$ cat entry_2.pdb   # PDB, C-alpha atoms
ATOM      1  CA  MET A 334       0.000   0.000   0.000  1.00  0.00           C
ATOM      2  CA  THR A 335       1.086   3.544  -0.534  1.00  0.00           C
ATOM      3  CA  GLU A 336       1.974   5.821   2.382  1.00  0.00           C
ATOM      4  CA  LYS A 337      -0.610   8.416   1.367  1.00  0.00           C
ATOM      5  CA  PRO A 338      -4.232   7.458   2.162  1.00  0.00           C
ATOM      6  CA  VAL A 339      -6.285   6.507  -0.871  1.00  0.00           C
ATOM      7  CA  GLU A 340      -9.271   8.766  -0.293  1.00  0.00           C
ATOM      8  CA  THR A 341     -11.162  11.907  -1.109  1.00  0.00           C
ATOM      9  CA  ARG A 342     -13.564  13.749   1.174  1.00  0.00           C
ATOM     10  CA  ARG A 343     -16.376  11.326   0.297  1.00  0.00           C
ATOM     11  CA  ILE A 344     -14.658   8.035  -0.660  1.00  0.00           C
ATOM     12  CA  ARG A 345     -11.938   5.890   0.896  1.00  0.00           C
ATOM     13  CA  LEU A 346     -10.565   2.788  -0.810  1.00  0.00           C
ATOM     14  CA  SER A 347     -10.384   0.112   1.875  1.00  0.00           C
ATOM     15  CA  PRO A 348      -8.282  -2.914   0.780  1.00  0.00           C
ATOM     16  CA  THR A 349      -9.955  -6.314   0.704  1.00  0.00           C
ATOM     17  CA  ARG A 350      -8.925  -9.839  -0.205  1.00  0.00           C
ATOM     18  CA  SER A 351      -9.067 -10.842  -3.866  1.00  0.00           C
ATOM     19  CA  LEU A 352     -12.553 -11.728  -5.038  1.00  0.00           C
ATOM     20  CA  GLU A 353     -13.836 -13.160  -8.303  1.00  0.00           C
ATOM     21  CA  THR A 354     -17.028 -11.896  -9.919  1.00  0.00           C
ATOM     22  CA  GLU A 355     -19.548 -13.874  -7.857  1.00  0.00           C
ATOM     23  CA  GLY A 356     -17.582 -13.201  -4.671  1.00  0.00           C
ATOM     24  CA  VAL A 357     -17.880  -9.449  -5.254  1.00  0.00           C
ATOM     25  CA  VAL A 358     -21.681  -9.627  -5.453  1.00  0.00           C
ATOM     26  CA  ARG A 359     -21.835 -11.756  -2.266  1.00  0.00           C
ATOM     27  CA  ALA A 360     -19.394  -9.515  -0.370  1.00  0.00           C
ATOM     28  CA  LEU A 361     -21.316  -6.377  -1.326  1.00  0.00           C
ATOM     29  CA  ALA A 362     -24.594  -7.979  -0.212  1.00  0.00           C
ATOM     30  CA  GLU A 363     -22.986  -8.899   3.137  1.00  0.00           C
ATOM     31  CA  LYS A 364     -21.914  -5.240   3.500  1.00  0.00           C
ATOM     32  CA  GLY A 365     -25.432  -3.966   2.801  1.00  0.00           C
ATOM     33  CA  VAL A 366     -25.114  -3.186  -0.913  1.00  0.00           C
ATOM     34  CA  GLY A 367     -27.806  -5.214  -2.640  1.00  0.00           C
ATOM     35  CA  GLU A 368     -28.199  -5.789  -6.342  1.00  0.00           C
ATOM     36  CA  PHE A 369     -29.252  -2.703  -8.310  1.00  0.00           C
ATOM     37  CA  PRO A 370     -30.206  -1.841 -11.903  1.00  0.00           C
ATOM     38  CA  GLY A 371     -27.107  -1.976 -14.087  1.00  0.00           C
ATOM     39  CA  MET A 372     -25.045  -3.946 -11.553  1.00  0.00           C
ATOM     40  CA  GLU A 373     -24.701  -6.870 -13.937  1.00  0.00           C
ATOM     41  CA  ASP A 374     -22.982  -4.637 -16.510  1.00  0.00           C
ATOM     42  CA  LEU A 375     -20.543  -3.411 -13.841  1.00  0.00           C
ATOM     43  CA  VAL A 376     -19.562  -6.816 -12.438  1.00  0.00           C
ATOM     44  CA  ARG A 377     -19.355  -8.656 -15.776  1.00  0.00           C
ATOM     45  CA  PRO A 378     -15.825  -7.376 -16.651  1.00  0.00           C
ATOM     46  CA  LEU A 379     -14.404  -8.300 -13.212  1.00  0.00           C
ATOM     47  CA  PRO A 380     -11.882 -11.154 -13.151  1.00  0.00           C
ATOM     48  CA  ARG A 381     -13.417 -14.617 -12.976  1.00  0.00           C
ATOM     49  CA  ASP A 382     -10.122 -15.881 -11.509  1.00  0.00           C
ATOM     50  CA  THR A 383      -8.510 -14.260  -8.460  1.00  0.00           C
ATOM     51  CA  ALA A 384      -5.095 -14.901 -10.053  1.00  0.00           C
ATOM     52  CA  ASP A 385      -5.904 -11.965 -12.367  1.00  0.00           C
ATOM     53  CA  VAL A 386      -6.554  -9.582  -9.451  1.00  0.00           C
ATOM     54  CA  THR A 387      -3.902  -6.960  -8.694  1.00  0.00           C
ATOM     55  CA  GLU A 388      -5.679  -5.030  -5.906  1.00  0.00           C
ATOM     56  CA  GLN A 389      -9.273  -4.712  -4.782  1.00  0.00           C
ATOM     57  CA  PHE A 390     -11.045  -2.330  -2.442  1.00  0.00           C
ATOM     58  CA  PHE A 391     -14.369  -1.553  -0.907  1.00  0.00           C
ATOM     59  CA  ALA A 392     -15.363   2.049  -1.585  1.00  0.00           C
ATOM     60  CA  VAL A 393     -16.395   3.317   1.851  1.00  0.00           C
ATOM     61  CA  SER A 394     -17.577   6.583   3.302  1.00  0.00           C
ATOM     62  CA  PRO A 395     -14.772   8.097   5.424  1.00  0.00           C
ATOM     63  CA  ALA A 396     -17.431   9.744   7.597  1.00  0.00           C
ATOM     64  CA  ASP A 397     -19.110   6.570   8.860  1.00  0.00           C
ATOM     65  CA  GLY A 398     -17.501   3.539   7.187  1.00  0.00           C
ATOM     66  CA  THR A 399     -20.596   2.680   5.139  1.00  0.00           C
ATOM     67  CA  VAL A 400     -19.720   0.521   2.144  1.00  0.00           C
ATOM     68  CA  LEU A 401     -20.753   2.292  -1.063  1.00  0.00           C
ATOM     69  CA  GLY A 402     -19.307  -0.099  -3.627  1.00  0.00           C
ATOM     70  CA  PHE A 403     -16.351  -2.089  -4.883  1.00  0.00           C
ATOM     71  CA  CYS A 404     -13.251  -1.134  -6.919  1.00  0.00           C
ATOM     72  CA  SER A 405     -10.826  -3.457  -8.665  1.00  0.00           C
ATOM     73  CA  LEU A 406      -7.442  -3.279 -10.358  1.00  0.00           C
ATOM     74  CA  SER A 407      -6.715  -6.409 -12.390  1.00  0.00           C
ATOM     75  CA  ARG A 408      -4.948  -8.002 -15.326  1.00  0.00           C
ATOM     76  CA  LEU A 409      -1.788  -5.968 -14.763  1.00  0.00           C
ATOM     77  CA  ASP A 410       0.482  -6.259 -17.793  1.00  0.00           C
ATOM     78  CA  THR A 411       3.897  -4.853 -16.840  1.00  0.00           C
ATOM     79  CA  GLU A 412       5.309  -5.596 -20.287  1.00  0.00           C
ATOM     80  CA  ARG A 413       2.640  -3.636 -22.170  1.00  0.00           C
ATOM     81  CA  ARG A 414       2.251  -1.268 -19.187  1.00  0.00           C
ATOM     82  CA  TRP A 415      -1.518  -1.313 -18.649  1.00  0.00           C
ATOM     83  CA  ILE A 416      -4.033  -2.390 -16.023  1.00  0.00           C
ATOM     84  CA  GLN A 417      -7.798  -2.919 -15.990  1.00  0.00           C
ATOM     85  CA  VAL A 418      -9.997  -0.875 -13.634  1.00  0.00           C
ATOM     86  CA  ASP A 419     -13.554  -1.800 -12.627  1.00  0.00           C
ATOM     87  CA  VAL A 420     -15.882   0.045 -10.268  1.00  0.00           C
ATOM     88  CA  VAL A 421     -19.204  -1.257  -8.939  1.00  0.00           C
ATOM     89  CA  VAL A 422     -21.183   1.586  -7.351  1.00  0.00           C
ATOM     90  CA  ASP A 423     -24.941   2.121  -7.479  1.00  0.00           C
ATOM     91  CA  GLU A 424     -25.400   5.604  -8.914  1.00  0.00           C
ATOM     92  CA  GLY A 425     -29.085   5.571  -8.022  1.00  0.00           C
ATOM     93  CA  SER A 426     -28.812   5.033  -4.273  1.00  0.00           C
ATOM     94  CA  ASN A 427     -25.734   7.129  -3.516  1.00  0.00           C
ATOM     95  CA  ALA A 428     -25.088  10.860  -3.503  1.00  0.00           C
ATOM     96  CA  VAL A 429     -24.674  12.442  -6.916  1.00  0.00           C
ATOM     97  CA  GLY A 430     -21.161  11.916  -8.239  1.00  0.00           C
ATOM     98  CA  ILE A 431     -20.139   9.095  -5.856  1.00  0.00           C
ATOM     99  CA  ALA A 432     -19.666   6.577  -8.691  1.00  0.00           C
ATOM    100  CA  LEU A 433     -17.542   9.046 -10.653  1.00  0.00           C
ATOM    101  CA  GLU A 434     -15.533   9.902  -7.543  1.00  0.00           C
ATOM    102  CA  ALA A 435     -14.880   6.219  -6.784  1.00  0.00           C
ATOM    103  CA  THR A 436     -13.821   5.709 -10.391  1.00  0.00           C
ATOM    104  CA  VAL A 437     -11.367   8.593 -10.558  1.00  0.00           C
ATOM    105  CA  LEU A 438      -9.908   7.607  -7.189  1.00  0.00           C
ATOM    106  CA  THR A 439      -9.396   4.042  -8.439  1.00  0.00           C
ATOM    107  CA  VAL A 440      -7.818   5.241 -11.698  1.00  0.00           C
ATOM    108  CA  ASP A 441      -5.545   7.551  -9.702  1.00  0.00           C
ATOM    109  CA  ARG A 442      -4.547   4.606  -7.501  1.00  0.00           C
ATOM    110  CA  ALA A 443      -3.673   2.584 -10.608  1.00  0.00           C
ATOM    111  CA  PHE A 444      -1.378   5.285 -11.971  1.00  0.00           C
ATOM    112  CA  ARG A 445       0.239   6.069  -8.588  1.00  0.00           C
ATOM    113  CA  ALA A 446       0.821   2.488  -7.473  1.00  0.00           C
ATOM    114  CA  TRP A 447       1.647   0.579 -10.640  1.00  0.00           C
ATOM    115  CA  PRO A 448       4.127   1.001 -13.525  1.00  0.00           C
ATOM    116  CA  VAL A 449       1.468   1.535 -16.185  1.00  0.00           C
ATOM    117  CA  ASP A 450       0.940   4.009 -18.998  1.00  0.00           C
ATOM    118  CA  GLU A 451      -2.694   3.066 -19.597  1.00  0.00           C
ATOM    119  CA  VAL A 452      -5.769   2.191 -17.593  1.00  0.00           C
ATOM    120  CA  ARG A 453      -8.294   0.105 -19.503  1.00  0.00           C
ATOM    121  CA  PHE A 454     -11.937  -0.679 -18.758  1.00  0.00           C
ATOM    122  CA  TRP A 455     -15.194  -1.902 -20.263  1.00  0.00           C
ATOM    123  CA  SER A 456     -18.451   0.022 -20.337  1.00  0.00           C
ATOM    124  CA  ALA A 457     -21.893  -0.588 -21.815  1.00  0.00           C
ATOM    125  CA  GLY A 458     -25.157   1.201 -22.437  1.00  0.00           C
ATOM    126  CA  ASP A 459     -25.654   4.805 -21.330  1.00  0.00           C
ATOM    127  CA  ARG A 460     -22.320   4.880 -19.480  1.00  0.00           C
ATOM    128  CA  ALA A 461     -20.446   3.947 -22.663  1.00  0.00           C
ATOM    129  CA  THR A 462     -22.373   6.521 -24.670  1.00  0.00           C
ATOM    130  CA  GLY A 463     -21.534   9.232 -22.126  1.00  0.00           C
ATOM    131  CA  LEU A 464     -17.834   8.339 -22.205  1.00  0.00           C
ATOM    132  CA  ARG A 465     -17.805   8.250 -25.983  1.00  0.00           C
ATOM    133  CA  ASN A 466     -19.470  11.678 -26.195  1.00  0.00           C
ATOM    134  CA  HIS A 467     -17.077  13.387 -23.708  1.00  0.00           C
ATOM    135  CA  PRO A 468     -13.567  12.149 -24.545  1.00  0.00           C
ATOM    136  CA  THR A 469     -11.453  14.595 -22.498  1.00  0.00           C
ATOM    137  CA  MET A 470      -9.445  11.857 -20.778  1.00  0.00           C
ATOM    138  CA  VAL A 471     -11.088   8.705 -22.074  1.00  0.00           C
ATOM    139  CA  MET A 472     -10.695   7.240 -25.554  1.00  0.00           C
ATOM    140  CA  GLU A 473     -12.541   4.297 -27.046  1.00  0.00           C
ATOM    141  CA  GLU A 474     -10.222   1.641 -28.500  1.00  0.00           C
ATOM    142  CA  ASN A 475     -10.245  -1.965 -29.536  1.00  0.00           C
ATOM    143  CA  PRO A 476      -8.972  -4.191 -26.729  1.00  0.00           C
ATOM    144  CA  PRO A 477      -5.425  -5.494 -27.129  1.00  0.00           C
ATOM    145  CA  ALA A 478      -5.302  -8.871 -28.866  1.00  0.00           C
ATOM    146  CA  ALA A 479      -3.699 -10.509 -25.844  1.00  0.00           C
ATOM    147  CA  GLY A 480      -4.371  -9.984 -22.189  1.00  0.00           C
ATOM    148  CA  LEU A 481      -7.796  -8.332 -22.103  1.00  0.00           C
ATOM    149  CA  PRO A 482     -10.233 -10.918 -23.364  1.00  0.00           C
ATOM    150  CA  ARG A 483     -13.805 -10.046 -24.220  1.00  0.00           C
ATOM    151  CA  SER A 484     -15.470 -12.184 -21.559  1.00  0.00           C
ATOM    152  CA  PRO A 485     -18.895 -13.709 -22.141  1.00  0.00           C
ATOM    153  CA  GLY A 486     -21.483 -10.985 -21.715  1.00  0.00           C
ATOM    154  CA  LEU A 487     -19.179  -8.235 -22.969  1.00  0.00           C
ATOM    155  CA  GLU A 488     -20.085  -8.677 -26.634  1.00  0.00           C
ATOM    156  CA  ASP A 489     -21.959  -5.345 -26.635  1.00  0.00           C
ATOM    157  CA  ALA A 490     -19.563  -3.536 -24.299  1.00  0.00           C
ATOM    158  CA  SER A 491     -17.127  -0.873 -25.432  1.00  0.00           C
ATOM    159  CA  HIS A 492     -13.468  -0.804 -24.435  1.00  0.00           C
ATOM    160  CA  PHE A 493     -11.964   2.460 -23.164  1.00  0.00           C
ATOM    161  CA  VAL A 494      -8.454   3.665 -22.340  1.00  0.00           C
ATOM    162  CA  ILE A 495      -7.076   6.459 -20.195  1.00  0.00           C
ATOM    163  CA  GLN A 496      -3.456   7.327 -20.935  1.00  0.00           C
ATOM    164  CA  ARG A 497      -1.134   8.489 -18.178  1.00  0.00           C
ATOM    165  CA  ALA A 498      -0.315  11.818 -19.877  1.00  0.00           C
ATOM    166  CA  ARG A 499      -3.991  12.735 -20.131  1.00  0.00           C
ATOM    167  CA  TRP A 500      -4.599  11.559 -16.567  1.00  0.00           C
ATOM    168  CA  GLU A 501      -1.793  13.698 -15.191  1.00  0.00           C
ATOM    169  CA  ARG A 502      -3.066  16.698 -17.139  1.00  0.00           C
ATOM    170  CA  TYR A 503      -6.725  16.413 -16.103  1.00  0.00           C
ATOM    171  CA  GLY A 504      -7.561  13.553 -13.748  1.00  0.00           C
ATOM    172  CA  ALA A 505      -4.876  13.876 -11.087  1.00  0.00           C
ATOM    173  CA  LYS A 506      -5.819  17.521 -10.604  1.00  0.00           C
ATOM    174  CA  PHE A 507      -9.468  16.538 -10.221  1.00  0.00           C
ATOM    175  CA  VAL A 508      -8.598  13.969  -7.523  1.00  0.00           C
ATOM    176  CA  GLN A 509      -6.464  16.560  -5.732  1.00  0.00           C
ATOM    177  CA  ARG A 510      -9.411  18.955  -5.730  1.00  0.00           C
ATOM    178  CA  LEU A 511     -11.769  16.248  -4.438  1.00  0.00           C
ATOM    179  CA  SER A 512      -9.313  15.484  -1.631  1.00  0.00           C
ATOM    180  CA  GLN A 513      -8.992  19.041  -0.327  1.00  0.00           C
ATOM    181  CA  ALA A 514     -10.989  20.284   2.623  1.00  0.00           C
ATOM    182  CA  PRO A 515     -13.965  22.399   1.570  1.00  0.00           C
ATOM    183  CA  SER A 516     -13.188  26.091   1.351  1.00  0.00           C
ATOM    184  CA  SER A 517     -14.562  28.274   4.120  1.00  0.00           C
ATOM    185  CA  ASN A 518     -15.719  31.066   1.803  1.00  0.00           C
TER     186      ASN A 518
END
$ encode --input "entry_2.pdb" --output "structure tokens"
Amino acid sequence: MTEKPVETRRIRLSPTRSLETEGVVRALAEKGVGEFPGMEDLVRPLPRDTADVTEQFFAVSPADGTVLGFCSLSRLDTERRWIQVDVVVDEGSNAVGIALEATVLTVDRAFRAWPVDEVRFWSAGDRATGLRNHPTMVMEENPPAAGLPRSPGLEDASHFVIQRARWERYGAKFVQRLSQAPSSN
């Protein structure tokens, strides 16, 4: 783990043991996060084998420890210098922006903790459309031929990439802002 806490004002990444797809759903249910609309699309890209897991976290509220979701770093490829990020947070039952905040915190963790130049992830439906229509940091690409298989159920999903240079220009500053104490103006 890094010396600096992995958190913003509203999200803390709390390390957990490696879980495969079904284990994530069970662990979230045990922590009070039941199934929600769209959850299937979010858990589908998670590793089916814990050997593919690099790091995983519960996204918790620093204020009271409530579990808000699950974040995963997996399929680390040190040769090609990329890692897969997945975030499972119910946008409908949490405060506005919590899913985005958990995602940017997880992406920031990937770039700070691992020797990667790219973060890769899958997205489907409205989320994919939103990412495709606002490509400031995120670009849609074909998945690499080796290492990031299109798992069953991802046939209609889109594959996205965030490059380190773009992250450092835009994303890291956003995380820094989210981590600062609110101004007293």
$ resolve_selection --input "entry_2.pdb" --expression "the PyMOL selection byres ((chain A and resi 406) around 7)" --output "list in words"
Val386, Thr387, Glu388, Gln389, Ser405, Ser407, Ile416, Gln417, Val418, Asp419 and Ala443 of chain A
$ write_last_selection --input "entry_2.pdb" --atoms "C-alpha atoms" --output "PDB file, keeping the file's coordinate frame"
ATOM      1  CA  VAL A 386      -6.554  -9.582  -9.451  1.00  0.00           C
ATOM      2  CA  THR A 387      -3.902  -6.960  -8.694  1.00  0.00           C
ATOM      3  CA  GLU A 388      -5.679  -5.030  -5.906  1.00  0.00           C
ATOM      4  CA  GLN A 389      -9.273  -4.712  -4.782  1.00  0.00           C
ATOM      5  CA  SER A 405     -10.826  -3.457  -8.665  1.00  0.00           C
ATOM      6  CA  SER A 407      -6.715  -6.409 -12.390  1.00  0.00           C
ATOM      7  CA  ILE A 416      -4.033  -2.390 -16.023  1.00  0.00           C
ATOM      8  CA  GLN A 417      -7.798  -2.919 -15.990  1.00  0.00           C
ATOM      9  CA  VAL A 418      -9.997  -0.875 -13.634  1.00  0.00           C
ATOM     10  CA  ASP A 419     -13.554  -1.800 -12.627  1.00  0.00           C
ATOM     11  CA  ALA A 443      -3.673   2.584 -10.608  1.00  0.00           C
TER      12      ALA A 443
END
$ closest_residue --input "entry_2.pdb" --among "A:Ala362, A:Leu375, A:Val422, A:Leu346" --to "A:Gly398" --atoms "only C-alpha atoms"
A:Leu346
$ closest_residue --input "entry_2.pdb" --among "A:Asp382, A:Asp397, A:Asp423, A:Glu340" --to "A:Leu361" --atoms "only C-alpha atoms"
A:Asp423
$ residues_around --input "entry_2.pdb" --residues "A:Glu412" --least-positions-apart "2" --cutoff "10 Å" --atoms "all atoms listed in the file" --output "number ranges by chain"
A: 409-410, 414-415, 448-449
$ closest_residue --input "entry_2.pdb" --among "A:Arg343, A:Lys506, A:Arg377, A:Arg359" --to "A:Ala432" --atoms "all atoms listed in the file"
A:Arg343
$ resolve_selection --input "entry_2.pdb" --expression "the PyMOL selection byres ((chain A and resi 394) around 10)" --output "list in words"
Glu340, Thr341, Arg342, Arg343, Ile344, Arg345, Leu346, Ser347, Phe391, Ala392, Val393, Pro395, Ala396, Asp397, Gly398, Thr399, Val400, Leu401, Gly402 and Ile431 of chain A
$ residues_around --input "entry_2.pdb" --residues "stretch 453-462 of chain A" --least-positions-apart "4" --cutoff "6 Å" --atoms "only C-alpha atoms" --output "PDB file with C-alpha atoms, in the frame of the given file"
ATOM      1  CA  GLN A 417      -7.798  -2.919 -15.990  1.00  0.00           C
ATOM      2  CA  VAL A 418      -9.997  -0.875 -13.634  1.00  0.00           C
ATOM      3  CA  ALA A 490     -19.563  -3.536 -24.299  1.00  0.00           C
ATOM      4  CA  SER A 491     -17.127  -0.873 -25.432  1.00  0.00           C
ATOM      5  CA  HIS A 492     -13.468  -0.804 -24.435  1.00  0.00           C
ATOM      6  CA  PHE A 493     -11.964   2.460 -23.164  1.00  0.00           C
ATOM      7  CA  VAL A 494      -8.454   3.665 -22.340  1.00  0.00           C
TER       8      VAL A 494
END
$ residues_around --input "entry_2.pdb" --residues "A:Val376" --least-positions-apart "4" --cutoff "10 Å" --atoms "all atoms listed in the file" --output "PyMOL selection string"
chain A and resi 353-355+357-358+371-372+380-381+403+419-422
$ resolve_selection --input "entry_2.pdb" --expression "the PyMOL selection byres ((chain A and resi 445) around 12)" --output "ChimeraX atom specification"
/A:334-339,438-444,446-452,497,500-501,504-505,508
$ closest_residue --input "entry_2.pdb" --among "A:Arg408, A:Arg465, A:Arg502, A:Arg350" --to "A:Ala384" --atoms "only C-alpha atoms"
A:Arg408
$ residues_near_point --input "entry_2.pdb" --point "(-8.0, 12.9, -21.9)" --cutoff "7 Å" --atoms "only C-alpha atoms" --output "VMD selection string"
chain A and resid 468 to 471 495 499 to 500 503
